[in-house]
Amino acid sequence: MSDLDTRRRIEGAVFLVAFACTIPLANWLIGNVGTVCVPDGPCLIPVAPGIVAPSGVLAIGAALVLRDLVQRRLGLIWSFAAIAVGAVLSAFFAPPALVIASTVAFALSETADLLVYTPLQRRGLVLAATASSVVGLIIDSIVFLTLAFGSLDLLPGQILGKLWMVAAALPVLVWIRSRDRRLGILTP
């Protein structure tokens with residue numbers, strides 16, 4: 001195995017661990033961190049003036065990009081394995097109803113993300129990751145809010161909060177793409 005393959009696999013493992021941890025982190029944030037915590041509901045954070053979202057948007061927005069990076073470095077099978085590991089880890093950080101809602105939402109959104117990312121990746125990392133993340137965050141937001149809280153009242157904040165995280169990741173994606181080209185790192 002070449003040094004570049006070793007580097008690709010090590011980076012993939014880092015992305016994999018970070019990605020798998022985003023589901024339990026999001027569930028923990030929703031129950032523990034926010035400027036306001038609704039009784040028997042989520043802890044909320046402001047994402048724009050007058051717009052709030054459950055605090056887990058921070059982790060899930062990052063997850064949408066991390067899944068693409070896992071696939072880029074390790075392949076599809078590892079992406080699905082990370083979703084499963086994250087779901088299992090969530091059971092230790094959140095009530096069962098929240099774990100089920102987040103797992104179902106995450107599985108559906110990440111599958112949609114994967115279906116968009118995979119064909120677009122040949123056109124470029126930034127385009128593929130951005131388009132797939134937008135599709136994934138909309139699906140994740142709708143499914144999660146419906147299952148967890150029975151309401152889409154927080155939908156604008158959910159979508160905006162996740163968009164902020166995807167936008168924050170764009171410079172990193174540009175840097176990774178440039179570095180991959182410079183180093184000649186091949187992706188699966």
# chains A, B, ... in the order shown; residues from 1 in each chain; ligands from 1
>>> residues_around(residues="A:Met165", least_positions_apart="2", cutoff="7 Å", atoms="only C-alpha atoms", output="VMD selection string")
chain A and resid 58 61 to 62 161 to 163 167 to 169
>>> residues_around(residues="A:Ala20", least_positions_apart="4", cutoff="9 Å", atoms="only C-alpha atoms", output="list in words")
Phe15, Leu16, Pro24, Ala63, Arg67, Ala81, Ala82, Ile83, Ala84, Val85, Gly86, Ala87 and Leu89 of chain A
>>> write_last_selection(atoms="N, CA and C atoms", output="PDB file, in the first residue's frame")
ATOM      1  N   PHE A  15     -12.680  10.894   9.442  1.00  0.00           N
ATOM      2  CA  PHE A  15     -14.005  11.348   9.002  1.00  0.00           C
ATOM      3  C   PHE A  15     -15.094  10.386   9.477  1.00  0.00           C
ATOM      4  N   LEU A  16     -14.814   9.083   9.433  1.00  0.00           N
ATOM      5  CA  LEU A  16     -15.772   8.063   9.847  1.00  0.00           C
ATOM      6  C   LEU A  16     -16.141   8.212  11.321  1.00  0.00           C
ATOM      7  N   PRO A  24     -25.229  10.883  18.011  1.00  0.00           N
ATOM      8  CA  PRO A  24     -25.369  11.021  19.461  1.00  0.00           C
ATOM      9  C   PRO A  24     -25.098  12.451  19.943  1.00  0.00           C
ATOM     10  N   ALA A  63     -22.660  16.638   9.846  1.00  0.00           N
ATOM     11  CA  ALA A  63     -22.755  15.230   9.440  1.00  0.00           C
ATOM     12  C   ALA A  63     -22.991  15.082   7.946  1.00  0.00           C
ATOM     13  N   ARG A  67     -20.399  12.749   5.860  1.00  0.00           N
ATOM     14  CA  ARG A  67     -20.767  11.517   5.165  1.00  0.00           C
ATOM     15  C   ARG A  67     -20.174  11.485   3.775  1.00  0.00           C
ATOM     16  N   ALA A  81     -22.186   1.928   7.390  1.00  0.00           N
ATOM     17  CA  ALA A  81     -21.769   1.412   8.702  1.00  0.00           C
ATOM     18  C   ALA A  81     -21.731   2.536   9.734  1.00  0.00           C
ATOM     19  N   ALA A  82     -21.271   3.702   9.340  1.00  0.00           N
ATOM     20  CA  ALA A  82     -21.200   4.827  10.268  1.00  0.00           C
ATOM     21  C   ALA A  82     -22.590   5.280  10.702  1.00  0.00           C
ATOM     22  N   ILE A  83     -23.562   5.239   9.799  1.00  0.00           N
ATOM     23  CA  ILE A  83     -24.938   5.593  10.152  1.00  0.00           C
ATOM     24  C   ILE A  83     -25.434   4.627  11.239  1.00  0.00           C
ATOM     25  N   ALA A  84     -25.181   3.348  11.062  1.00  0.00           N
ATOM     26  CA  ALA A  84     -25.628   2.343  12.035  1.00  0.00           C
ATOM     27  C   ALA A  84     -24.943   2.531  13.383  1.00  0.00           C
ATOM     28  N   VAL A  85     -23.643   2.761  13.382  1.00  0.00           N
ATOM     29  CA  VAL A  85     -22.905   2.953  14.633  1.00  0.00           C
ATOM     30  C   VAL A  85     -23.412   4.200  15.361  1.00  0.00           C
ATOM     31  N   GLY A  86     -23.634   5.268  14.618  1.00  0.00           N
ATOM     32  CA  GLY A  86     -24.152   6.496  15.218  1.00  0.00           C
ATOM     33  C   GLY A  86     -25.511   6.285  15.858  1.00  0.00           C
ATOM     34  N   ALA A  87     -26.353   5.518  15.214  1.00  0.00           N
ATOM     35  CA  ALA A  87     -27.682   5.238  15.762  1.00  0.00           C
ATOM     36  C   ALA A  87     -27.582   4.458  17.071  1.00  0.00           C
ATOM     37  N   LEU A  89     -24.981   4.399  19.138  1.00  0.00           N
ATOM     38  CA  LEU A  89     -24.416   5.292  20.149  1.00  0.00           C
ATOM     39  C   LEU A  89     -25.452   6.267  20.703  1.00  0.00           C
TER      40      LEU A  89
END
>>> closest_residue(among="A:Val172, A:Leu66, A:Leu76, A:Ala91", to="A:Val17", atoms="only C-alpha atoms")
A:Leu66
>>> closest_residue(among="A:Val47, A:Val134, A:Val52, A:Leu4", to="A:Val116", atoms="only C-alpha atoms")
A:Val134
>>> closest_residue(among="A:Leu170, A:Ile77, A:Leu160, A:Leu25", to="A:Ile45", atoms="only C-alpha atoms")
A:Leu160
